[in-house]
$ cat upload00.cif   # mmCIF, C-alpha atoms
data_model
#
loop_
_atom_site.group_PDB
_atom_site.id
_atom_site.type_symbol
_atom_site.label_atom_id
_atom_site.label_comp_id
_atom_site.auth_asym_id
_atom_site.auth_seq_id
_atom_site.Cartn_x
_atom_site.Cartn_y
_atom_site.Cartn_z
ATOM 1 C CA MET A 46 -37.693 0.324 8.001
ATOM 2 C CA ASP A 47 -35.000 2.803 9.013
ATOM 3 C CA LEU A 48 -32.308 0.979 11.030
ATOM 4 C CA HIS A 49 -31.362 4.237 12.751
ATOM 5 C CA TYR A 50 -34.848 4.458 14.257
ATOM 6 C CA LEU A 51 -34.811 0.733 14.986
ATOM 7 C CA LYS A 52 -31.561 1.094 16.932
ATOM 8 C CA ILE A 53 -32.985 3.917 19.079
ATOM 9 C CA PHE A 54 -36.178 1.930 19.770
ATOM 10 C CA TYR A 55 -34.102 -1.162 20.610
ATOM 11 C CA GLU A 56 -31.902 0.652 23.139
ATOM 12 C CA VAL A 57 -34.910 2.253 24.878
ATOM 13 C CA ALA A 58 -36.685 -1.093 25.095
ATOM 14 C CA LYS A 59 -33.550 -2.898 26.291
ATOM 15 C CA GLU A 60 -32.613 -0.290 28.910
ATOM 16 C CA LYS A 61 -36.271 0.329 29.839
ATOM 17 C CA SER A 62 -35.329 3.995 30.054
ATOM 18 C CA PHE A 63 -35.228 6.910 27.618
ATOM 19 C CA THR A 64 -32.515 8.525 29.748
ATOM 20 C CA LYS A 65 -30.203 5.498 29.762
ATOM 21 C CA ALA A 66 -30.770 4.927 26.042
ATOM 22 C CA ALA A 67 -29.922 8.557 25.324
ATOM 23 C CA SER A 68 -26.705 8.264 27.320
ATOM 24 C CA LYS A 69 -25.714 5.079 25.535
ATOM 25 C CA LEU A 70 -26.452 6.582 22.122
ATOM 26 C CA TYR A 71 -24.728 9.902 22.962
ATOM 27 C CA ILE A 72 -27.810 12.009 22.147
ATOM 28 C CA ASN A 73 -30.137 13.973 24.411
ATOM 29 C CA GLN A 74 -33.305 12.479 25.877
ATOM 30 C CA SER A 75 -35.696 14.736 23.972
ATOM 31 C CA ALA A 76 -34.127 13.635 20.660
ATOM 32 C CA VAL A 77 -34.672 10.010 21.671
ATOM 33 C CA SER A 78 -38.318 10.666 22.468
ATOM 34 C CA ILE A 79 -38.880 12.553 19.224
ATOM 35 C CA GLN A 80 -37.275 9.867 17.063
ATOM 36 C CA VAL A 81 -39.169 7.035 18.776
ATOM 37 C CA LYS A 82 -42.372 8.972 18.062
ATOM 38 C CA LYS A 83 -41.361 9.375 14.388
ATOM 39 C CA PHE A 84 -40.620 5.654 14.204
ATOM 40 C CA GLU A 85 -44.105 4.850 15.491
ATOM 41 C CA GLU A 86 -45.578 7.190 12.886
ATOM 42 C CA LEU A 87 -43.569 5.497 10.122
ATOM 43 C CA LEU A 88 -44.753 2.060 11.244
ATOM 44 C CA ASN A 89 -48.271 3.314 11.958
ATOM 45 C CA ALA A 90 -48.139 1.431 15.255
ATOM 46 C CA ARG A 91 -47.694 2.189 18.948
ATOM 47 C CA LEU A 92 -44.555 0.581 20.350
ATOM 48 C CA PHE A 93 -44.697 1.818 23.952
ATOM 49 C CA ASP A 94 -47.617 1.944 26.374
ATOM 50 C CA ARG A 95 -47.498 5.543 27.596
ATOM 51 C CA SER A 96 -50.297 5.061 30.143
ATOM 52 C CA SER A 97 -47.778 3.579 32.568
ATOM 53 C CA LYS A 98 -45.063 5.479 34.438
ATOM 54 C CA LYS A 99 -42.630 2.626 33.675
ATOM 55 C CA ILE A 100 -41.355 1.841 30.202
ATOM 56 C CA LYS A 101 -43.682 -0.825 28.900
ATOM 57 C CA LEU A 102 -43.858 -2.285 25.405
ATOM 58 C CA THR A 103 -47.094 -2.882 23.559
ATOM 59 C CA TYR A 104 -47.735 -6.260 21.924
ATOM 60 C CA THR A 105 -46.347 -4.850 18.658
ATOM 61 C CA GLY A 106 -43.375 -3.397 20.518
ATOM 62 C CA GLU A 107 -42.587 -6.774 22.120
ATOM 63 C CA ALA A 108 -42.646 -8.493 18.733
ATOM 64 C CA LEU A 109 -40.446 -5.845 17.164
ATOM 65 C CA PHE A 110 -38.016 -5.908 20.103
ATOM 66 C CA LYS A 111 -37.442 -9.658 19.675
ATOM 67 C CA MET A 112 -36.730 -9.202 15.966
ATOM 68 C CA ALA A 113 -34.505 -6.197 16.627
ATOM 69 C CA GLU A 114 -32.580 -8.204 19.221
ATOM 70 C CA GLU A 115 -31.810 -10.873 16.625
ATOM 71 C CA ILE A 116 -30.769 -8.243 14.081
ATOM 72 C CA PHE A 117 -28.367 -6.439 16.403
ATOM 73 C CA GLU A 118 -26.923 -9.700 17.750
ATOM 74 C CA LYS A 119 -26.056 -10.585 14.163
ATOM 75 C CA VAL A 120 -24.508 -7.146 13.730
ATOM 76 C CA LYS A 121 -22.349 -7.761 16.814
ATOM 77 C CA ARG A 122 -21.230 -11.134 15.488
ATOM 78 C CA ALA A 123 -20.397 -9.563 12.131
ATOM 79 C CA GLU A 124 -18.347 -6.832 13.797
ATOM 80 C CA LYS A 125 -16.451 -9.395 15.873
ATOM 81 C CA GLU A 126 -15.798 -11.568 12.827
ATOM 82 C CA ILE A 127 -14.519 -8.611 10.812
ATOM 83 C CA SER A 128 -12.231 -7.660 13.719
ATOM 84 C CA ARG A 129 -10.975 -11.235 13.890
ATOM 85 C CA ILE A 130 -10.320 -11.272 10.160
ATOM 86 C CA ILE A 131 -8.385 -8.004 10.385
ATOM 87 C CA ASP A 132 -6.440 -9.127 13.470
ATOM 88 C CA LEU A 133 -5.503 -12.496 11.990
ATOM 89 C CA ASP A 134 -5.180 -11.322 8.411
ATOM 90 C CA ARG A 135 -7.739 -14.038 7.650
ATOM 91 C CA ALA A 136 -8.906 -14.469 4.095
ATOM 92 C CA LYS A 137 -10.490 -17.103 1.878
ATOM 93 C CA ILE A 138 -9.520 -18.483 -1.519
ATOM 94 C CA SER A 139 -11.409 -20.721 -3.925
ATOM 95 C CA ILE A 140 -9.104 -23.300 -5.507
ATOM 96 C CA GLY A 141 -9.830 -25.340 -8.611
ATOM 97 C CA ALA A 142 -7.810 -28.375 -9.680
ATOM 98 C CA SER A 143 -7.942 -30.844 -12.539
ATOM 99 C CA PRO A 144 -8.357 -34.469 -11.343
ATOM 100 C CA VAL A 145 -4.864 -35.584 -12.311
ATOM 101 C CA ILE A 146 -3.496 -32.857 -10.003
ATOM 102 C CA GLY A 147 -6.256 -32.617 -7.420
ATOM 103 C CA GLU A 148 -6.551 -36.275 -6.507
ATOM 104 C CA PRO A 149 -2.877 -37.127 -5.865
ATOM 105 C CA VAL A 150 -1.351 -33.741 -4.996
ATOM 106 C CA LEU A 151 -3.935 -31.464 -3.393
ATOM 107 C CA PRO A 152 -4.585 -33.346 -0.105
ATOM 108 C CA CYS A 153 -0.907 -33.314 0.944
ATOM 109 C CA LEU A 154 -0.325 -29.827 -0.417
ATOM 110 C CA MET A 155 -3.281 -28.318 1.464
ATOM 111 C CA LYS A 156 -2.339 -30.135 4.662
ATOM 112 C CA GLU A 157 1.088 -28.492 4.595
ATOM 113 C CA PHE A 158 -0.314 -25.133 3.481
ATOM 114 C CA ASN A 159 -2.759 -25.118 6.391
ATOM 115 C CA LYS A 160 0.102 -25.639 8.857
ATOM 116 C CA VAL A 161 1.828 -22.508 7.596
ATOM 117 C CA HIS A 162 -1.210 -20.324 6.880
ATOM 118 C CA GLU A 163 -3.957 -21.129 9.356
ATOM 119 C CA GLU A 164 -5.372 -17.653 8.739
ATOM 120 C CA ILE A 165 -6.451 -18.556 5.184
ATOM 121 C CA GLU A 166 -9.632 -20.522 4.625
ATOM 122 C CA TYR A 167 -10.324 -22.231 1.315
ATOM 123 C CA ASP A 168 -12.844 -24.021 -0.888
ATOM 124 C CA ILE A 169 -11.817 -26.688 -3.409
ATOM 125 C CA ASN A 170 -13.382 -27.656 -6.732
ATOM 126 C CA VAL A 171 -11.974 -30.653 -8.625
ATOM 127 C CA SER A 172 -13.305 -30.810 -12.169
ATOM 128 C CA ASN A 173 -12.302 -30.820 -15.834
ATOM 129 C CA LYS A 174 -9.971 -28.104 -17.059
ATOM 130 C CA GLN A 175 -12.307 -26.287 -19.431
ATOM 131 C CA TRP A 176 -15.024 -25.964 -16.785
ATOM 132 C CA LEU A 177 -12.504 -24.725 -14.213
ATOM 133 C CA LEU A 178 -11.135 -22.121 -16.626
ATOM 134 C CA LYS A 179 -14.688 -20.895 -17.232
ATOM 135 C CA LEU A 180 -15.276 -20.546 -13.477
ATOM 136 C CA LEU A 181 -11.952 -18.739 -13.046
ATOM 137 C CA LYS A 182 -12.789 -16.195 -15.747
ATOM 138 C CA GLU A 183 -16.239 -15.643 -14.212
ATOM 139 C CA GLY A 184 -14.695 -14.977 -10.797
ATOM 140 C CA GLU A 185 -16.120 -18.105 -9.144
ATOM 141 C CA LEU A 186 -12.599 -19.428 -8.540
ATOM 142 C CA ASP A 187 -9.484 -17.519 -7.485
ATOM 143 C CA ILE A 188 -6.737 -19.905 -8.540
ATOM 144 C CA LEU A 189 -6.303 -23.106 -10.555
ATOM 145 C CA LEU A 190 -3.859 -26.003 -10.366
ATOM 146 C CA LEU A 191 -3.794 -27.739 -13.742
ATOM 147 C CA ASP A 192 -1.772 -30.377 -15.485
ATOM 148 C CA GLU A 193 -0.019 -28.600 -18.319
ATOM 149 C CA GLU A 194 -2.319 -26.718 -20.656
ATOM 150 C CA HIS A 195 -1.460 -24.268 -23.443
ATOM 151 C CA ILE A 196 -3.170 -21.056 -22.328
ATOM 152 C CA THR A 197 -2.939 -17.826 -24.325
ATOM 153 C CA ASP A 198 -5.644 -15.711 -22.648
ATOM 154 C CA PRO A 199 -4.119 -12.233 -21.985
ATOM 155 C CA ASN A 200 -6.202 -11.860 -18.801
ATOM 156 C CA LEU A 201 -4.691 -14.973 -17.225
ATOM 157 C CA GLU A 202 -1.274 -15.458 -15.700
ATOM 158 C CA VAL A 203 0.246 -18.950 -15.901
ATOM 159 C CA ILE A 204 3.057 -20.048 -13.603
ATOM 160 C CA THR A 205 4.723 -23.340 -14.549
ATOM 161 C CA LEU A 206 6.157 -25.311 -11.647
ATOM 162 C CA ASP A 207 9.054 -27.767 -11.476
ATOM 163 C CA LYS A 208 8.621 -30.860 -13.601
ATOM 164 C CA VAL A 209 9.085 -34.466 -12.526
ATOM 165 C CA PRO A 210 9.824 -37.564 -14.627
ATOM 166 C CA TYR A 211 7.366 -40.191 -15.747
ATOM 167 C CA VAL A 212 7.628 -43.550 -13.998
ATOM 168 C CA LEU A 213 6.566 -47.054 -14.902
ATOM 169 C CA VAL A 214 4.987 -48.520 -11.757
ATOM 170 C CA GLY A 215 3.264 -51.713 -10.741
ATOM 171 C CA ARG A 216 2.101 -53.630 -7.725
ATOM 172 C CA ARG A 217 5.042 -56.048 -7.740
ATOM 173 C CA GLU A 218 8.749 -56.125 -8.461
ATOM 174 C CA TYR A 219 10.185 -57.760 -11.619
ATOM 175 C CA ARG A 220 13.457 -59.549 -12.200
ATOM 176 C CA ASN A 221 13.802 -58.185 -15.742
ATOM 177 C CA ILE A 222 12.059 -55.791 -18.104
ATOM 178 C CA GLU A 223 11.109 -58.583 -20.507
ATOM 179 C CA ASN A 224 8.714 -59.975 -17.899
ATOM 180 C CA VAL A 225 7.164 -56.522 -17.530
ATOM 181 C CA ALA A 226 6.366 -56.486 -21.246
ATOM 182 C CA LYS A 227 4.320 -59.657 -20.868
ATOM 183 C CA ASP A 228 1.921 -58.062 -18.388
ATOM 184 C CA PRO A 229 -0.766 -55.600 -19.484
ATOM 185 C CA LEU A 230 0.151 -51.935 -19.629
ATOM 186 C CA ILE A 231 -2.590 -49.502 -18.724
ATOM 187 C CA SER A 232 -2.382 -46.675 -21.227
ATOM 188 C CA ARG A 233 -3.764 -43.143 -21.416
ATOM 189 C CA LYS A 234 -3.566 -42.937 -25.213
ATOM 190 C CA HIS A 235 -4.894 -39.373 -25.480
ATOM 191 C CA ILE A 236 -1.995 -38.010 -23.379
ATOM 192 C CA PRO A 237 0.965 -37.237 -25.736
ATOM 193 C CA ASN A 238 3.608 -37.446 -22.991
ATOM 194 C CA ASN A 239 2.247 -40.827 -21.932
ATOM 195 C CA ASN A 240 2.574 -42.206 -25.466
ATOM 196 C CA GLU A 241 6.111 -40.825 -25.775
ATOM 197 C CA ALA A 242 7.120 -42.395 -22.448
ATOM 198 C CA ILE A 243 5.806 -45.809 -23.587
ATOM 199 C CA ALA A 244 7.709 -45.494 -26.863
ATOM 200 C CA ILE A 245 10.945 -44.630 -25.031
ATOM 201 C CA VAL A 246 10.706 -47.683 -22.750
ATOM 202 C CA GLU A 247 9.951 -49.986 -25.687
ATOM 203 C CA GLU A 248 12.807 -48.560 -27.766
ATOM 204 C CA ARG A 249 15.302 -48.537 -24.882
ATOM 205 C CA HIS A 250 14.805 -52.204 -24.045
ATOM 206 C CA LYS A 251 13.825 -53.427 -27.513
ATOM 207 C CA ILE A 252 10.517 -54.740 -26.196
ATOM 208 C CA ASN A 253 6.883 -54.380 -27.104
ATOM 209 C CA PHE A 254 4.152 -54.345 -24.459
ATOM 210 C CA GLU A 255 1.993 -57.253 -25.577
ATOM 211 C CA THR A 256 -1.293 -55.987 -24.091
ATOM 212 C CA LYS A 257 -2.273 -52.375 -23.721
ATOM 213 C CA ILE A 258 -5.443 -51.389 -21.895
ATOM 214 C CA SER A 259 -6.604 -47.913 -22.845
ATOM 215 C CA VAL A 260 -8.349 -45.982 -20.087
ATOM 216 C CA LEU A 261 -9.848 -42.540 -20.559
ATOM 217 C CA GLY A 262 -10.920 -40.814 -17.372
ATOM 218 C CA ASN A 263 -10.469 -40.883 -13.627
ATOM 219 C CA LEU A 264 -6.932 -41.249 -12.302
ATOM 220 C CA GLU A 265 -8.165 -43.193 -9.274
ATOM 221 C CA VAL A 266 -9.717 -45.815 -11.590
ATOM 222 C CA ILE A 267 -6.343 -46.286 -13.263
ATOM 223 C CA LYS A 268 -4.535 -46.621 -9.930
ATOM 224 C CA GLY A 269 -7.256 -48.943 -8.699
ATOM 225 C CA MET A 270 -6.598 -51.246 -11.649
ATOM 226 C CA VAL A 271 -2.908 -51.342 -10.700
ATOM 227 C CA ARG A 272 -3.831 -52.156 -7.089
ATOM 228 C CA GLU A 273 -5.964 -55.053 -8.316
ATOM 229 C CA GLY A 274 -3.021 -56.425 -10.293
ATOM 230 C CA ILE A 275 -4.695 -55.879 -13.672
ATOM 231 C CA GLY A 276 -1.611 -54.217 -15.112
ATOM 232 C CA ASN A 277 1.171 -51.689 -14.776
ATOM 233 C CA VAL A 278 1.014 -48.020 -15.733
ATOM 234 C CA ILE A 279 3.221 -45.123 -16.777
ATOM 235 C CA LEU A 280 2.317 -41.853 -15.033
ATOM 236 C CA PRO A 281 4.011 -38.620 -13.931
ATOM 237 C CA TYR A 282 5.742 -39.149 -10.596
ATOM 238 C CA TYR A 283 3.508 -36.616 -8.820
ATOM 239 C CA ALA A 284 0.449 -38.731 -9.699
ATOM 240 C CA VAL A 285 1.711 -41.795 -7.810
ATOM 241 C CA HIS A 286 4.204 -40.432 -5.287
ATOM 242 C CA LYS A 287 2.063 -41.348 -2.262
ATOM 243 C CA GLU A 288 1.704 -44.956 -3.404
ATOM 244 C CA ILE A 289 5.436 -45.177 -4.114
ATOM 245 C CA GLU A 290 6.396 -43.701 -0.748
ATOM 246 C CA SER A 291 4.073 -46.095 1.075
ATOM 247 C CA GLY A 292 5.452 -49.093 -0.814
ATOM 248 C CA GLU A 293 2.079 -49.858 -2.372
ATOM 249 C CA PHE A 294 3.485 -49.325 -5.886
ATOM 250 C CA LYS A 295 6.951 -50.346 -7.038
ATOM 251 C CA VAL A 296 8.968 -48.205 -9.439
ATOM 252 C CA ILE A 297 9.920 -50.446 -12.327
ATOM 253 C CA GLU A 298 11.634 -47.728 -14.357
ATOM 254 C CA GLU A 299 12.075 -43.961 -14.420
ATOM 255 C CA ILE A 300 11.685 -42.228 -17.773
ATOM 256 C CA GLU A 301 13.811 -39.121 -17.274
ATOM 257 C CA GLU A 302 13.495 -38.105 -20.920
ATOM 258 C CA ILE A 303 9.817 -37.234 -20.435
ATOM 259 C CA LYS A 304 8.856 -34.874 -17.640
ATOM 260 C CA ASP A 305 5.556 -33.391 -16.607
ATOM 261 C CA GLY A 306 4.544 -30.697 -14.184
ATOM 262 C CA TYR A 307 1.569 -28.632 -13.261
ATOM 263 C CA GLN A 308 0.626 -25.012 -13.521
ATOM 264 C CA ILE A 309 -0.838 -22.279 -11.383
ATOM 265 C CA VAL A 310 -3.375 -20.180 -13.267
ATOM 266 C CA ILE A 311 -4.745 -16.914 -11.868
ATOM 267 C CA THR A 312 -6.537 -13.871 -13.262
ATOM 268 C CA LYS A 313 -4.251 -10.850 -13.427
ATOM 269 C CA ASP A 314 -6.665 -8.710 -11.421
ATOM 270 C CA LYS A 315 -6.275 -11.012 -8.384
ATOM 271 C CA LYS A 316 -2.568 -11.756 -8.483
ATOM 272 C CA ASN A 317 -1.719 -9.013 -5.958
ATOM 273 C CA LEU A 318 -4.186 -10.162 -3.289
ATOM 274 C CA ILE A 319 -2.199 -11.132 -0.199
ATOM 275 C CA GLN A 320 -3.878 -14.534 0.172
ATOM 276 C CA ILE A 321 -3.161 -15.359 -3.479
ATOM 277 C CA ILE A 322 0.471 -14.295 -3.110
ATOM 278 C CA LYS A 323 0.856 -16.504 -0.028
ATOM 279 C CA PHE A 324 -0.665 -19.513 -1.798
ATOM 280 C CA VAL A 325 1.371 -19.066 -4.978
ATOM 281 C CA ASN A 326 4.613 -18.674 -3.015
ATOM 282 C CA PHE A 327 3.839 -21.791 -0.998
ATOM 283 C CA VAL A 328 3.025 -23.927 -4.045
ATOM 284 C CA GLN A 329 6.143 -22.724 -5.868
ATOM 285 C CA ASN A 330 8.270 -23.885 -2.935
ATOM 286 C CA TYR A 331 6.348 -27.135 -2.392
ATOM 287 C CA LYS A 332 8.534 -29.952 -3.679
ATOM 288 C CA ILE A 333 7.523 -33.543 -4.370
ATOM 289 C CA GLN A 334 10.593 -35.584 -3.544
ATOM 290 C CA TYR A 335 11.621 -38.361 -5.930
#
$ encode --input "upload00.cif" --output "structure tokens"
Amino acid sequence: MDLHYLKIFYEVAKEKSFTKAASKLYINQSAVSIQVKKFEELLNARLFDRSSKKIKLTYTGEALFKMAEEIFEKVKRAEKEISRIIDLDRAKISIGASPVIGEPVLPCLMKEFNKVHEEIEYDINVSNKQWLLKLLKEGELDILLLDEEHITDPNLEVITLDKVPYVLVGRREYRNIENVAKDPLISRKHIPNNNEAIAIVEERHKINFETKISVLGNLEVIKGMVREGIGNVILPYYAVHKEIESGEFKVIEEIEEIKDGYQIVITKDKKNLIQIIKFVNFVQNYKIQY
């Protein structure tokens, strides 16, 4: 179906006049009549009842008019939306984040970003790093926020952000570090920085954590165990800053010797998009106070 013919038919049916339709379409009346006739020939159907002096649609014409009305209403909405996007510089980005970044950092970060850049819409995908990197390379995601990962892909650009120290936190306060060592320590043994931070605390205070509970997986499970009083944990400050600020977790000790941050990862072909530039600039200036 030729949309040019459909548009001419639609205007004639809506205006109930070949003359008015011609005026609206900026073509002469005879051209309108000829093209409506061609449209009927293409469809092999009569659209107008020509036995009447007034413009009257046939049954087929009525059905087609209703469908055409829906089509051109959608066209109008699309035109308005495109105008709105242009006027507001509105754009959309798809953001991926690893759980250790997404769960504690992303909600606050996006809340503040939205205040500054209401014109940018976004989708969020929180998943494991390898899956997110696959989606980024395939174009399904525009930008990633990852806990530190060694990335050597020449098509990717990695921006490392400010690092923060590790902290030993728990649900309650302690009078001395020796008492801390008696309570279980929740450990993420597959995280090198975590193991180094534990070793530094033990060496600094000449203690040995008597019970270590190894947890592999969800950060919220680990924090939930701390909330339930099962044990204490050593994590990067950004992972527990909300709980510390609210007073839910107490900082037992800062481990300044070990710091951790997170990275922005983008494909080089998208780094000059205005919405990506705005997001990267915002994240680079977003500071987690400690």
$ resolve_selection --input "upload00.cif" --expression "the PyMOL selection byres ((chain A and resi 325) around 10)" --output "list in words"
Ile188, Ile204, Ile309, Val310, Ile311, Lys316, Ile319, Gln320, Ile321, Ile322, Lys323, Phe324, Asn326, Phe327, Val328, Gln329, Asn330 and Tyr331 of chain A
$ residues_around --input "upload00.cif" --residues "Glu288 of chain A" --least-positions-apart "5" --cutoff "12 Å" --atoms "all atoms listed in the file" --output "list in words"
Pro149, Val150, Val214, Gly215, Arg216, Glu265, Lys268, Gly269, Val271, Arg272, Tyr282, Tyr283, Glu293, Phe294, Lys295 and Val296 of chain A
$ write_last_selection --input "upload00.cif" --atoms "C-alpha atoms" --output "PDB file, in the coordinates of the input"
ATOM      1  CA  PRO A 149      -2.877 -37.127  -5.865  1.00  0.00           C
ATOM      2  CA  VAL A 150      -1.351 -33.741  -4.996  1.00  0.00           C
ATOM      3  CA  VAL A 214       4.987 -48.520 -11.757  1.00  0.00           C
ATOM      4  CA  GLY A 215       3.264 -51.713 -10.741  1.00  0.00           C
ATOM      5  CA  ARG A 216       2.101 -53.630  -7.725  1.00  0.00           C
ATOM      6  CA  GLU A 265      -8.165 -43.193  -9.274  1.00  0.00           C
ATOM      7  CA  LYS A 268      -4.535 -46.621  -9.930  1.00  0.00           C
ATOM      8  CA  GLY A 269      -7.256 -48.943  -8.699  1.00  0.00           C
ATOM      9  CA  VAL A 271      -2.908 -51.342 -10.700  1.00  0.00           C
ATOM     10  CA  ARG A 272      -3.831 -52.156  -7.089  1.00  0.00           C
ATOM     11  CA  TYR A 282       5.742 -39.149 -10.596  1.00  0.00           C
ATOM     12  CA  TYR A 283       3.508 -36.616  -8.820  1.00  0.00           C
ATOM     13  CA  GLU A 293       2.079 -49.858  -2.372  1.00  0.00           C
ATOM     14  CA  PHE A 294       3.485 -49.325  -5.886  1.00  0.00           C
ATOM     15  CA  LYS A 295       6.951 -50.346  -7.038  1.00  0.00           C
ATOM     16  CA  VAL A 296       8.968 -48.205  -9.439  1.00  0.00           C
TER      17      VAL A 296
END
$ resolve_selection --input "upload00.cif" --expression "the PyMOL selection byres ((chain A and resi 240) around 12)" --output "ChimeraX atom specification"
/A:211,230-239,241-247,257,259,278-280,300,303
$ resolve_selection --input "upload00.cif" --expression "the PyMOL selection byres ((chain A and resi 298) around 6)" --output "list in words"
Val212, Leu213, Val296, Ile297 and Glu299 of chain A
$ closest_residue --input "upload00.cif" --among "A:Ala90, A:Ile196, A:Leu264, A:Ala58" --to "Gly147 of chain A" --atoms "all atoms listed in the file"
A:Leu264
$ atom_distance --input "upload00.cif" --atom1 "atom CA of Ile72 of chain A" --atom2 "atom CA of Ala123 of chain A"
24.9 Å
$ residues_around --input "upload00.cif" --residues "Ala108 of chain A" --least-positions-apart "4" --cutoff "12 Å" --atoms "only C-alpha atoms" --output "list of chain:residue names"
A:Tyr55, A:Ala58, A:Ala90, A:Arg91, A:Leu92, A:Phe93, A:Leu102, A:Thr103, A:Tyr104, A:Met112, A:Ala113, A:Glu114, A:Glu115
$ atom_distance --input "upload00.cif" --atom1 "atom CA of Glu163 of chain A" --atom2 "atom CA of Asp192 of chain A"
26.6 Å
$ atom_distance --input "upload00.cif" --atom1 "atom CA of Leu154 of chain A" --atom2 "atom CA of Ser128 of chain A"
28.9 Å
$ closest_residue --input "upload00.cif" --among "A:Glu248, A:Lys208, A:Ile138, A:Leu318" --to "Glu301 of chain A" --atoms "all atoms listed in the file"
A:Lys208
$ closest_residue --input "upload00.cif" --among "A:Lys182, A:Lys304, A:Arg217, A:Lys251" --to "Ile275 of chain A" --atoms "only C-alpha atoms"
A:Arg217
$ residues_around --input "upload00.cif" --residues "Lys174 of chain A" --least-positions-apart "2" --cutoff "6 Å" --atoms "only C-alpha atoms" --output "PyMOL selection string"
chain A and resi 143+176-177
$ write_last_selection --input "upload00.cif" --atoms "C-alpha atoms" --output "PDB file, in the frame of the given file"
ATOM      1  CA  SER A 143      -7.942 -30.844 -12.539  1.00  0.00           C
ATOM      2  CA  TRP A 176     -15.024 -25.964 -16.785  1.00  0.00           C
ATOM      3  CA  LEU A 177     -12.504 -24.725 -14.213  1.00  0.00           C
TER       4      LEU A 177
END
$ residues_around --input "upload00.cif" --residues "Pro144 of chain A" --least-positions-apart "3" --cutoff "8 Å" --atoms "only C-alpha atoms" --output "PyMOL selection string"
chain A and resi 147-148+171-173+263-264
$ residues_around --input "upload00.cif" --residues "Ile146 of chain A" --least-positions-apart "6" --cutoff "8 Å" --atoms "only C-alpha atoms" --output "PyMOL selection string"
chain A and resi 190-192+284+307
$ build_atoms --input "upload00.cif" --residues "segment 56-69 of chain A" --atoms "N, CA and C atoms" --output "short mmCIF file (atom, residue, chain, number, x, y, z; two decimals), in the coordinates of the input"
data_model
loop_
_atom_site.label_atom_id
_atom_site.label_comp_id
_atom_site.auth_asym_id
_atom_site.auth_seq_id
_atom_site.Cartn_x
_atom_site.Cartn_y
_atom_site.Cartn_z
N GLU A 56 -32.63 0.26 21.92
CA GLU A 56 -31.90 0.65 23.14
C GLU A 56 -32.86 1.11 24.24
N VAL A 57 -33.92 1.83 23.88
CA VAL A 57 -34.91 2.25 24.88
C VAL A 57 -35.59 1.03 25.47
N ALA A 58 -35.99 0.11 24.62
CA ALA A 58 -36.68 -1.09 25.10
C ALA A 58 -35.76 -1.96 25.95
N LYS A 59 -34.50 -2.05 25.55
CA LYS A 59 -33.55 -2.90 26.29
C LYS A 59 -33.22 -2.28 27.65
N GLU A 60 -32.98 -0.98 27.66
CA GLU A 60 -32.61 -0.29 28.91
C GLU A 60 -33.83 0.04 29.78
N LYS A 61 -35.02 -0.05 29.15
CA LYS A 61 -36.27 0.33 29.84
C LYS A 61 -36.19 1.76 30.37
N SER A 62 -35.52 2.61 29.62
CA SER A 62 -35.33 4.00 30.05
C SER A 62 -34.91 4.85 28.86
N PHE A 63 -35.62 5.97 28.67
CA PHE A 63 -35.23 6.91 27.62
C PHE A 63 -33.91 7.59 27.99
N THR A 64 -33.73 7.84 29.28
CA THR A 64 -32.52 8.52 29.75
C THR A 64 -31.28 7.67 29.51
N LYS A 65 -31.35 6.40 29.93
CA LYS A 65 -30.20 5.50 29.76
C LYS A 65 -29.90 5.27 28.28
N ALA A 66 -30.96 5.13 27.48
CA ALA A 66 -30.77 4.93 26.04
C ALA A 66 -30.08 6.14 25.43
N ALA A 67 -30.52 7.33 25.84
CA ALA A 67 -29.92 8.56 25.32
C ALA A 67 -28.44 8.63 25.66
N SER A 68 -28.10 8.25 26.89
CA SER A 68 -26.70 8.26 27.32
C SER A 68 -25.87 7.28 26.50
N LYS A 69 -26.44 6.11 26.27
CA LYS A 69 -25.71 5.08 25.54
C LYS A 69 -25.52 5.47 24.07
#
